[in-house]
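K.L.:
Structure: structure11.txt, compact mmCIF, N, CA, C and O atoms.
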```txt
# COMPACT_ATOMS: atom_id res chain seq x y z
N MET A 16 1.43 8.65 20.93
CA MET A 16 2.19 9.60 20.19
C MET A 16 2.98 8.90 19.07
O MET A 16 3.03 9.39 17.96
N VAL A 17 3.57 7.76 19.36
CA VAL A 17 4.30 7.01 18.34
C VAL A 17 3.33 6.49 17.28
O VAL A 17 3.62 6.54 16.08
N ARG A 18 2.17 6.03 17.71
CA ARG A 18 1.18 5.53 16.76
C ARG A 18 0.74 6.63 15.80
O ARG A 18 0.59 6.38 14.60
N LEU A 19 0.56 7.83 16.28
CA LEU A 19 0.19 8.95 15.41
C LEU A 19 1.27 9.23 14.37
O LEU A 19 0.97 9.53 13.21
N GLU A 20 2.52 9.10 14.76
CA GLU A 20 3.62 9.29 13.80
C GLU A 20 3.63 8.18 12.76
O GLU A 20 3.88 8.44 11.57
N MET A 21 3.35 6.96 13.17
CA MET A 21 3.30 5.85 12.20
C MET A 21 2.16 6.07 11.20
O MET A 21 2.32 5.83 10.00
N VAL A 22 1.02 6.54 11.69
CA VAL A 22 -0.11 6.82 10.80
C VAL A 22 0.24 7.98 9.86
O VAL A 22 -0.07 7.92 8.66
N ARG A 23 0.91 8.99 10.35
CA ARG A 23 1.30 10.12 9.49
C ARG A 23 2.20 9.63 8.36
O ARG A 23 2.00 9.98 7.20
N ARG A 24 3.16 8.80 8.68
CA ARG A 24 4.06 8.27 7.66
C ARG A 24 3.31 7.37 6.68
O ARG A 24 3.56 7.40 5.48
N ALA A 25 2.39 6.56 7.20
CA ALA A 25 1.60 5.68 6.33
C ALA A 25 0.74 6.50 5.37
O ALA A 25 0.58 6.14 4.21
N GLU A 26 0.19 7.61 5.84
CA GLU A 26 -0.61 8.48 4.98
C GLU A 26 0.24 9.08 3.86
O GLU A 26 -0.23 9.23 2.73
N LEU A 27 1.50 9.41 4.15
CA LEU A 27 2.41 9.89 3.10
C LEU A 27 2.66 8.81 2.06
O LEU A 27 2.67 9.08 0.85
N ILE A 28 2.89 7.60 2.53
CA ILE A 28 3.11 6.48 1.62
C ILE A 28 1.86 6.24 0.78
O ILE A 28 1.94 6.02 -0.43
N LYS A 29 0.70 6.29 1.40
CA LYS A 29 -0.57 6.10 0.68
C LYS A 29 -0.73 7.14 -0.41
O LYS A 29 -1.09 6.82 -1.55
N ALA A 30 -0.46 8.40 -0.10
CA ALA A 30 -0.60 9.48 -1.09
C ALA A 30 0.36 9.26 -2.26
O ALA A 30 -0.01 9.45 -3.43
N THR A 31 1.58 8.84 -1.97
CA THR A 31 2.55 8.58 -3.03
C THR A 31 2.10 7.38 -3.86
O THR A 31 2.20 7.41 -5.10
N ALA A 32 1.61 6.34 -3.21
CA ALA A 32 1.15 5.15 -3.93
C ALA A 32 -0.02 5.50 -4.86
O ALA A 32 -0.09 5.02 -5.99
N GLU A 33 -0.93 6.33 -4.40
CA GLU A 33 -2.05 6.75 -5.24
C GLU A 33 -1.56 7.51 -6.46
O GLU A 33 -2.10 7.36 -7.56
N ALA A 34 -0.53 8.32 -6.28
CA ALA A 34 0.03 9.08 -7.41
C ALA A 34 0.75 8.16 -8.40
O ALA A 34 0.74 8.42 -9.61
N LEU A 35 1.37 7.09 -7.91
CA LEU A 35 2.12 6.17 -8.77
C LEU A 35 1.25 5.09 -9.41
O LEU A 35 1.67 4.43 -10.37
N ALA A 36 0.06 4.88 -8.88
CA ALA A 36 -0.78 3.75 -9.27
C ALA A 36 -1.22 3.83 -10.73
O ALA A 36 -1.65 4.88 -11.20
N PRO A 37 -1.13 2.70 -11.44
CA PRO A 37 -1.68 2.65 -12.79
C PRO A 37 -3.21 2.71 -12.72
O PRO A 37 -3.81 2.18 -11.77
N VAL A 38 -3.84 3.38 -13.67
CA VAL A 38 -5.29 3.55 -13.61
C VAL A 38 -6.04 2.85 -14.73
O VAL A 38 -7.26 2.87 -14.76
N GLY A 39 -5.35 2.22 -15.64
CA GLY A 39 -6.03 1.56 -16.75
C GLY A 39 -6.28 2.54 -17.88
O GLY A 39 -5.89 3.71 -17.82
N GLY A 40 -6.93 2.06 -18.89
CA GLY A 40 -7.18 2.90 -20.05
C GLY A 40 -8.62 2.83 -20.49
O GLY A 40 -9.46 2.24 -19.81
N PRO A 41 -8.92 3.43 -21.63
CA PRO A 41 -10.28 3.38 -22.16
C PRO A 41 -10.72 1.94 -22.38
O PRO A 41 -9.94 1.10 -22.83
N GLY A 42 -11.91 1.65 -22.00
CA GLY A 42 -12.44 0.30 -22.16
C GLY A 42 -12.12 -0.62 -21.00
O GLY A 42 -12.61 -1.74 -20.94
N ASP A 43 -11.31 -0.18 -20.07
CA ASP A 43 -10.98 -1.00 -18.89
C ASP A 43 -12.14 -0.89 -17.91
O ASP A 43 -12.42 0.20 -17.40
N GLU A 44 -12.78 -2.00 -17.64
CA GLU A 44 -13.95 -1.97 -16.75
C GLU A 44 -13.59 -1.65 -15.30
O GLU A 44 -14.46 -1.31 -14.51
N HIS A 45 -12.32 -1.76 -14.95
CA HIS A 45 -11.87 -1.48 -13.58
C HIS A 45 -11.00 -0.22 -13.51
O HIS A 45 -10.25 -0.05 -12.56
N ALA A 46 -11.08 0.65 -14.47
CA ALA A 46 -10.21 1.83 -14.52
C ALA A 46 -10.31 2.63 -13.22
O ALA A 46 -11.39 3.01 -12.78
N GLY A 47 -9.16 2.84 -12.59
CA GLY A 47 -9.10 3.63 -11.36
C GLY A 47 -9.39 2.88 -10.08
O GLY A 47 -9.19 3.42 -8.99
N LEU A 48 -9.88 1.64 -10.15
CA LEU A 48 -10.23 0.90 -8.94
C LEU A 48 -9.00 0.68 -8.05
O LEU A 48 -9.06 0.90 -6.84
N TYR A 49 -7.90 0.26 -8.65
CA TYR A 49 -6.68 0.04 -7.86
C TYR A 49 -6.26 1.32 -7.15
O TYR A 49 -5.95 1.30 -5.96
N GLN A 50 -6.28 2.42 -7.85
CA GLN A 50 -5.86 3.71 -7.28
C GLN A 50 -6.77 4.12 -6.12
O GLN A 50 -6.30 4.67 -5.13
N ARG A 51 -8.04 3.84 -6.21
CA ARG A 51 -9.00 4.22 -5.16
C ARG A 51 -9.03 3.25 -3.98
O ARG A 51 -9.70 3.52 -2.98
N SER A 52 -8.33 2.12 -4.08
CA SER A 52 -8.46 1.06 -3.07
C SER A 52 -7.38 1.06 -2.00
O SER A 52 -7.28 0.11 -1.23
N PHE A 53 -6.56 2.10 -1.92
CA PHE A 53 -5.55 2.17 -0.87
C PHE A 53 -6.18 2.60 0.44
O PHE A 53 -7.10 3.41 0.46
N GLY A 54 -5.68 2.06 1.54
CA GLY A 54 -6.17 2.43 2.86
C GLY A 54 -5.06 2.33 3.90
O GLY A 54 -4.03 1.69 3.67
N VAL A 55 -5.29 2.96 5.03
CA VAL A 55 -4.33 2.93 6.15
C VAL A 55 -5.03 2.40 7.38
O VAL A 55 -6.15 2.82 7.70
N THR A 56 -4.39 1.46 8.06
CA THR A 56 -4.88 0.97 9.35
C THR A 56 -3.72 1.02 10.33
O THR A 56 -2.56 1.05 9.93
N SER A 57 -4.05 1.05 11.61
CA SER A 57 -2.98 1.08 12.61
C SER A 57 -3.41 0.34 13.88
O SER A 57 -4.59 0.11 14.10
N THR A 58 -2.40 0.03 14.68
CA THR A 58 -2.64 -0.62 15.97
C THR A 58 -1.46 -0.30 16.89
O THR A 58 -0.37 0.01 16.42
N SER A 59 -1.70 -0.35 18.16
CA SER A 59 -0.62 -0.18 19.13
C SER A 59 -0.07 -1.54 19.58
O SER A 59 0.81 -1.60 20.41
N ARG A 60 -0.62 -2.62 19.00
CA ARG A 60 -0.22 -3.97 19.38
C ARG A 60 0.42 -4.71 18.21
O ARG A 60 0.12 -5.86 17.94
N GLY A 61 1.33 -4.06 17.50
CA GLY A 61 1.98 -4.67 16.34
C GLY A 61 3.35 -5.19 16.68
O GLY A 61 3.80 -5.17 17.82
N GLY A 62 4.04 -5.66 15.65
CA GLY A 62 5.37 -6.22 15.85
C GLY A 62 5.32 -7.66 16.28
O GLY A 62 4.25 -8.20 16.59
N ARG A 63 6.48 -8.29 16.30
CA ARG A 63 6.55 -9.72 16.63
C ARG A 63 6.04 -10.00 18.03
O ARG A 63 5.38 -11.01 18.28
N ARG A 64 6.36 -9.12 18.98
CA ARG A 64 5.93 -9.35 20.37
C ARG A 64 4.65 -8.59 20.72
O ARG A 64 4.26 -8.52 21.88
N ARG A 65 4.03 -8.01 19.73
CA ARG A 65 2.77 -7.26 19.92
C ARG A 65 2.93 -6.11 20.91
O ARG A 65 2.05 -5.84 21.71
N ASP A 66 4.08 -5.44 20.85
CA ASP A 66 4.34 -4.34 21.78
C ASP A 66 4.79 -3.06 21.05
O ASP A 66 5.43 -2.21 21.63
N ARG A 67 4.44 -2.95 19.76
CA ARG A 67 4.86 -1.81 18.96
C ARG A 67 3.67 -1.15 18.28
O ARG A 67 2.73 -1.83 17.87
N ALA A 68 3.76 0.15 18.15
CA ALA A 68 2.78 0.87 17.35
C ALA A 68 3.16 0.69 15.88
O ALA A 68 4.32 0.86 15.51
N VAL A 69 2.19 0.32 15.06
CA VAL A 69 2.44 0.13 13.64
C VAL A 69 1.28 0.71 12.83
O VAL A 69 0.17 0.86 13.35
N ALA A 70 1.57 1.03 11.59
CA ALA A 70 0.52 1.43 10.64
C ALA A 70 0.80 0.69 9.34
O ALA A 70 1.95 0.48 8.96
N TYR A 71 -0.26 0.30 8.68
CA TYR A 71 -0.16 -0.48 7.45
C TYR A 71 -0.83 0.28 6.31
O TYR A 71 -1.90 0.85 6.49
N VAL A 72 -0.21 0.23 5.15
CA VAL A 72 -0.83 0.73 3.92
C VAL A 72 -1.20 -0.51 3.12
O VAL A 72 -0.35 -1.35 2.84
N THR A 73 -2.47 -0.64 2.78
CA THR A 73 -2.95 -1.81 2.06
C THR A 73 -3.75 -1.38 0.84
O THR A 73 -4.13 -0.21 0.71
N ASN A 74 -3.99 -2.34 -0.03
CA ASN A 74 -4.84 -2.10 -1.18
C ASN A 74 -5.84 -3.24 -1.25
O ASN A 74 -5.46 -4.41 -1.28
N SER A 75 -7.12 -2.91 -1.30
CA SER A 75 -8.17 -3.92 -1.26
C SER A 75 -8.67 -4.35 -2.63
O SER A 75 -9.60 -5.15 -2.72
N ALA A 76 -8.10 -3.84 -3.70
CA ALA A 76 -8.51 -4.28 -5.04
C ALA A 76 -8.21 -5.78 -5.17
O ALA A 76 -7.16 -6.25 -4.72
N PRO A 77 -9.11 -6.53 -5.78
CA PRO A 77 -8.92 -7.98 -5.87
C PRO A 77 -7.64 -8.39 -6.62
O PRO A 77 -7.12 -9.47 -6.41
N TYR A 78 -7.14 -7.54 -7.45
CA TYR A 78 -5.95 -7.87 -8.25
C TYR A 78 -4.71 -7.09 -7.80
O TYR A 78 -3.71 -7.03 -8.52
N ALA A 79 -4.73 -6.52 -6.61
CA ALA A 79 -3.61 -5.69 -6.13
C ALA A 79 -2.29 -6.46 -6.10
O ALA A 79 -1.24 -5.90 -6.41
N ARG A 80 -2.33 -7.71 -5.73
CA ARG A 80 -1.10 -8.52 -5.66
C ARG A 80 -0.42 -8.59 -7.02
O ARG A 80 0.79 -8.48 -7.12
N TRP A 81 -1.20 -8.74 -8.08
CA TRP A 81 -0.62 -8.88 -9.41
C TRP A 81 -0.10 -7.54 -9.94
O TRP A 81 0.85 -7.51 -10.71
N VAL A 82 -0.73 -6.44 -9.53
CA VAL A 82 -0.20 -5.12 -9.91
C VAL A 82 1.15 -4.91 -9.24
O VAL A 82 2.11 -4.46 -9.87
N GLU A 83 1.25 -5.26 -7.97
CA GLU A 83 2.49 -5.05 -7.22
C GLU A 83 3.61 -5.98 -7.72
O GLU A 83 4.72 -5.54 -7.99
N TYR A 84 3.32 -7.28 -7.82
CA TYR A 84 4.36 -8.26 -8.11
C TYR A 84 4.41 -8.74 -9.56
O TYR A 84 5.37 -9.40 -9.95
N GLY A 85 3.39 -8.45 -10.35
CA GLY A 85 3.37 -8.86 -11.74
C GLY A 85 2.99 -10.32 -11.92
O GLY A 85 2.77 -11.05 -10.96
N THR A 86 2.89 -10.71 -13.18
CA THR A 86 2.63 -12.10 -13.56
C THR A 86 3.59 -12.44 -14.69
O THR A 86 4.43 -11.62 -15.07
N GLU A 87 3.45 -13.61 -15.25
CA GLU A 87 4.34 -13.95 -16.36
C GLU A 87 4.02 -13.14 -17.61
O GLU A 87 4.85 -13.02 -18.51
N ARG A 88 2.83 -12.53 -17.65
CA ARG A 88 2.45 -11.72 -18.82
C ARG A 88 2.44 -10.22 -18.55
O ARG A 88 2.45 -9.43 -19.48
N VAL A 89 2.35 -9.84 -17.30
CA VAL A 89 2.26 -8.43 -16.94
C VAL A 89 3.43 -8.08 -16.03
O VAL A 89 3.66 -8.77 -15.03
N PRO A 90 4.16 -7.02 -16.34
CA PRO A 90 5.30 -6.67 -15.49
C PRO A 90 4.86 -6.12 -14.13
O PRO A 90 3.79 -5.54 -14.01
N ALA A 91 5.69 -6.31 -13.13
CA ALA A 91 5.41 -5.80 -11.79
C ALA A 91 5.53 -4.28 -11.79
O ALA A 91 6.41 -3.71 -12.42
N HIS A 92 4.61 -3.62 -11.07
CA HIS A 92 4.67 -2.16 -10.95
C HIS A 92 5.34 -1.72 -9.65
O HIS A 92 5.78 -0.60 -9.54
N HIS A 93 5.36 -2.57 -8.64
CA HIS A 93 5.98 -2.28 -7.35
C HIS A 93 5.54 -0.92 -6.79
O HIS A 93 6.36 -0.14 -6.31
N VAL A 94 4.26 -0.65 -6.84
CA VAL A 94 3.73 0.64 -6.41
C VAL A 94 4.01 0.89 -4.93
O VAL A 94 4.55 1.94 -4.55
N LEU A 95 3.67 -0.05 -4.06
CA LEU A 95 3.89 0.15 -2.63
C LEU A 95 5.38 0.18 -2.27
O LEU A 95 5.80 0.97 -1.42
N LEU A 96 6.15 -0.65 -2.92
CA LEU A 96 7.59 -0.64 -2.68
C LEU A 96 8.20 0.72 -3.03
O LEU A 96 8.94 1.30 -2.24
N ARG A 97 7.84 1.23 -4.20
CA ARG A 97 8.37 2.53 -4.61
C ARG A 97 7.85 3.66 -3.73
O ARG A 97 8.60 4.58 -3.38
N ALA A 98 6.60 3.59 -3.32
CA ALA A 98 6.03 4.62 -2.45
C ALA A 98 6.71 4.62 -1.10
O ALA A 98 7.05 5.69 -0.56
N ALA A 99 6.94 3.45 -0.53
CA ALA A 99 7.61 3.37 0.78
C ALA A 99 9.05 3.83 0.67
O ALA A 99 9.58 4.47 1.59
N SER A 100 9.70 3.52 -0.44
CA SER A 100 11.10 3.92 -0.62
C SER A 100 11.26 5.42 -0.74
O SER A 100 12.24 5.99 -0.27
N THR A 101 10.30 6.08 -1.38
CA THR A 101 10.44 7.51 -1.61
C THR A 101 9.86 8.38 -0.51
O THR A 101 10.33 9.49 -0.30
N SER A 102 8.83 7.90 0.20
CA SER A 102 8.20 8.78 1.19
C SER A 102 8.07 8.17 2.58
O SER A 102 7.46 8.77 3.45
N GLY A 103 8.62 7.02 2.82
CA GLY A 103 8.48 6.37 4.11
C GLY A 103 9.27 6.97 5.23
O GLY A 103 8.95 6.80 6.40
N GLY A 104 10.32 7.70 4.91
CA GLY A 104 11.15 8.27 5.96
C GLY A 104 10.55 9.48 6.65
O GLY A 104 11.00 9.91 7.70
N GLY A 105 9.47 9.99 6.06
CA GLY A 105 8.75 11.06 6.70
C GLY A 105 9.21 12.39 6.31
O GLY A 105 8.94 13.41 6.74
```
Could the structure of this file be written out as structure tokens, please?
P.N.:
Amino acid sequence: MVRLEMVRRAELIKATAEALAPVGGPGDEHAGLYQRSFGVTSTSRGGRRRDRAVAYVTNSAPYARWVEYGTERVPAHHVLLRAASTSGGG
């Protein structure tokens, strides 16, 4: 039951992240890839002692780290941080 609630909250965060995600522009060979690469996984064996239900929102795009945290030339978008802040409470 707790795991289902964690997944429900993760799905809300995922939906918000997809709405906030930058999609690129004309001529971008990867336009929309980041937005389409969000996923949710869960386990009942999470936490430090492996005794907690957890759900994770991840992005499998090869450049997801740089979209989230930025580089010296590209500003950070903090998509997952903003999504968790606005919709993580359920």
K.L.:
As number ranges by chain, please: the residues near A:Val55 (cut-off 6 Å, all atoms listed in the file, same-chain neighbours under 6 positions excluded).
P.N.:
A: 71-73
K.L.:
What is the distance, in Å and to one decimal place, between atom C of A:His93 and atom CA of A:Asp66?
P.N.:
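Separation of atom C of A:His93 and atom CA of A:Asp66: 28.8 Å.
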K.L.:
Can you tell me, as a list in words, what residues are no more than 8 Å from A:Ser75 when counting all atoms listed in the file, ignoring any on the same chain fewer than 5 positions away?
P.N.:
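My list of contacting residues is Leu48, Tyr49, Arg51, Ser52, Phe53, Gly54 and Arg80 of chain A.
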K.L.:
Now that the selection is made, can you save its residues with N, CA, C and O atoms as a compact mmCIF listing (two decimals), in the frame of the given file?
P.N.:
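Contents of the output file part_3.txt:
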```txt
# COMPACT_ATOMS: atom_id res chain seq x y z
N LEU A 48 -9.88 1.64 -10.15
CA LEU A 48 -10.23 0.90 -8.94
C LEU A 48 -9.00 0.68 -8.05
O LEU A 48 -9.06 0.90 -6.84
N TYR A 49 -7.90 0.26 -8.65
CA TYR A 49 -6.68 0.04 -7.86
C TYR A 49 -6.26 1.32 -7.15
O TYR A 49 -5.95 1.30 -5.96
N ARG A 51 -8.04 3.84 -6.21
CA ARG A 51 -9.00 4.22 -5.16
C ARG A 51 -9.03 3.25 -3.98
O ARG A 51 -9.70 3.52 -2.98
N SER A 52 -8.33 2.12 -4.08
CA SER A 52 -8.46 1.06 -3.07
C SER A 52 -7.38 1.06 -2.00
O SER A 52 -7.28 0.11 -1.23
N PHE A 53 -6.56 2.10 -1.92
CA PHE A 53 -5.55 2.17 -0.87
C PHE A 53 -6.18 2.60 0.44
O PHE A 53 -7.10 3.41 0.46
N GLY A 54 -5.68 2.06 1.54
CA GLY A 54 -6.17 2.43 2.86
C GLY A 54 -5.06 2.33 3.90
O GLY A 54 -4.03 1.69 3.67
N ARG A 80 -2.33 -7.71 -5.73
CA ARG A 80 -1.10 -8.52 -5.66
C ARG A 80 -0.42 -8.59 -7.02
O ARG A 80 0.79 -8.48 -7.12
```
K.L.:
Which residue, A:Gly40, A:Thr31, A:Val82, A:Val69, has the smallest gap to A:Arg18 when you use all atoms listed in the file?
P.N.:
A:Val69
K.L.:
Suppose you want the space between atom O of A:Gln50 and atom CA of A:Glu33; what is it in Å?
P.N.:
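Straight-line distance from atom O of A:Gln50 to atom CA of A:Glu33 works out to 4.7 Å.
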K.L.:
Would you return as a PyMOL selection string the members of chain A that DSSP assigns to strand (DSSP E) on this structure's backbone?
P.N.:
chain A and resi 53-61+67-74
K.L.:
What are the DSSP helix (DSSP H, G or I) residues of chain A, as a PyMOL selection string?
P.N.:
chain A and resi 17-35+48-51+79-84+94-102
K.L.:
By how many Å are atom C of A:Lys29 and atom C of A:Arg97 apart?
P.N.:
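Separating atom C of A:Lys29 from atom C of A:Arg97 is a distance of 9.8 Å.
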K.L.:
Please, which residues are within 7 Å of (5.0, 5.0, -9.2) by the file's coordinates, counting only N, CA, C and O atoms, and could they come as a ChimeraX atom specification?
P.N.:
/A:31-32,34-37,92-94,97-98
K.L.:
Next, write the just-selected residues to a file, as a PDB file, in the coordinates of the input, keeping N, CA, C and O atoms as the atom set.
P.N.:
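To be explicit, this is the file written out as selection38.pdb:
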```pdb
ATOM      1  N   THR A  31       1.580   8.840  -1.970  1.00  0.00           N
ATOM      2  CA  THR A  31       2.550   8.580  -3.030  1.00  0.00           C
ATOM      3  C   THR A  31       2.100   7.380  -3.860  1.00  0.00           C
ATOM      4  O   THR A  31       2.200   7.410  -5.100  1.00  0.00           O
ATOM      5  N   ALA A  32       1.610   6.340  -3.210  1.00  0.00           N
ATOM      6  CA  ALA A  32       1.150   5.150  -3.930  1.00  0.00           C
ATOM      7  C   ALA A  32      -0.020   5.500  -4.860  1.00  0.00           C
ATOM      8  O   ALA A  32      -0.090   5.020  -5.990  1.00  0.00           O
ATOM      9  N   ALA A  34      -0.530   8.320  -6.280  1.00  0.00           N
ATOM     10  CA  ALA A  34       0.030   9.080  -7.410  1.00  0.00           C
ATOM     11  C   ALA A  34       0.750   8.160  -8.400  1.00  0.00           C
ATOM     12  O   ALA A  34       0.740   8.420  -9.610  1.00  0.00           O
ATOM     13  N   LEU A  35       1.370   7.090  -7.910  1.00  0.00           N
ATOM     14  CA  LEU A  35       2.120   6.170  -8.770  1.00  0.00           C
ATOM     15  C   LEU A  35       1.250   5.090  -9.410  1.00  0.00           C
ATOM     16  O   LEU A  35       1.670   4.430 -10.370  1.00  0.00           O
ATOM     17  N   ALA A  36       0.060   4.880  -8.880  1.00  0.00           N
ATOM     18  CA  ALA A  36      -0.780   3.750  -9.270  1.00  0.00           C
ATOM     19  C   ALA A  36      -1.220   3.830 -10.730  1.00  0.00           C
ATOM     20  O   ALA A  36      -1.650   4.880 -11.200  1.00  0.00           O
ATOM     21  N   PRO A  37      -1.130   2.700 -11.440  1.00  0.00           N
ATOM     22  CA  PRO A  37      -1.680   2.650 -12.790  1.00  0.00           C
ATOM     23  C   PRO A  37      -3.210   2.710 -12.720  1.00  0.00           C
ATOM     24  O   PRO A  37      -3.810   2.180 -11.770  1.00  0.00           O
ATOM     25  N   HIS A  92       4.610  -3.620 -11.070  1.00  0.00           N
ATOM     26  CA  HIS A  92       4.670  -2.160 -10.950  1.00  0.00           C
ATOM     27  C   HIS A  92       5.340  -1.720  -9.650  1.00  0.00           C
ATOM     28  O   HIS A  92       5.780  -0.600  -9.540  1.00  0.00           O
ATOM     29  N   HIS A  93       5.360  -2.570  -8.640  1.00  0.00           N
ATOM     30  CA  HIS A  93       5.980  -2.280  -7.350  1.00  0.00           C
ATOM     31  C   HIS A  93       5.540  -0.920  -6.790  1.00  0.00           C
ATOM     32  O   HIS A  93       6.360  -0.140  -6.310  1.00  0.00           O
ATOM     33  N   VAL A  94       4.260  -0.650  -6.840  1.00  0.00           N
ATOM     34  CA  VAL A  94       3.730   0.640  -6.410  1.00  0.00           C
ATOM     35  C   VAL A  94       4.010   0.890  -4.930  1.00  0.00           C
ATOM     36  O   VAL A  94       4.550   1.940  -4.550  1.00  0.00           O
ATOM     37  N   ARG A  97       7.840   1.230  -4.200  1.00  0.00           N
ATOM     38  CA  ARG A  97       8.370   2.530  -4.610  1.00  0.00           C
ATOM     39  C   ARG A  97       7.850   3.660  -3.730  1.00  0.00           C
ATOM     40  O   ARG A  97       8.600   4.580  -3.380  1.00  0.00           O
ATOM     41  N   ALA A  98       6.600   3.590  -3.320  1.00  0.00           N
ATOM     42  CA  ALA A  98       6.030   4.620  -2.450  1.00  0.00           C
ATOM     43  C   ALA A  98       6.710   4.620  -1.100  1.00  0.00           C
ATOM     44  O   ALA A  98       7.050   5.690  -0.560  1.00  0.00           O
TER      45      ALA A  98
END
```
K.L.:
Excluding A:Ser102 and any residue of its chain fewer than 5 positions from it, enumerate the residues within 7 Å of it, using all atoms listed in the file, and give them as a PyMOL selection string.
P.N.:
chain A and resi 23-25+27-28+97
K.L.:
If you take every atom of stretch 48-65 of chain A that the file lists and fit an axis-aligned box around them with 4 Å extra on each side, what centre and edge lengths come out in Å to one decimal, as lines of an AutoDock Vina configuration file?
P.N.:
```
center_x = -1.8
center_y = -3.2
center_z = 5.9
size_x = 24.8
size_y = 23.7
size_z = 40.0
```
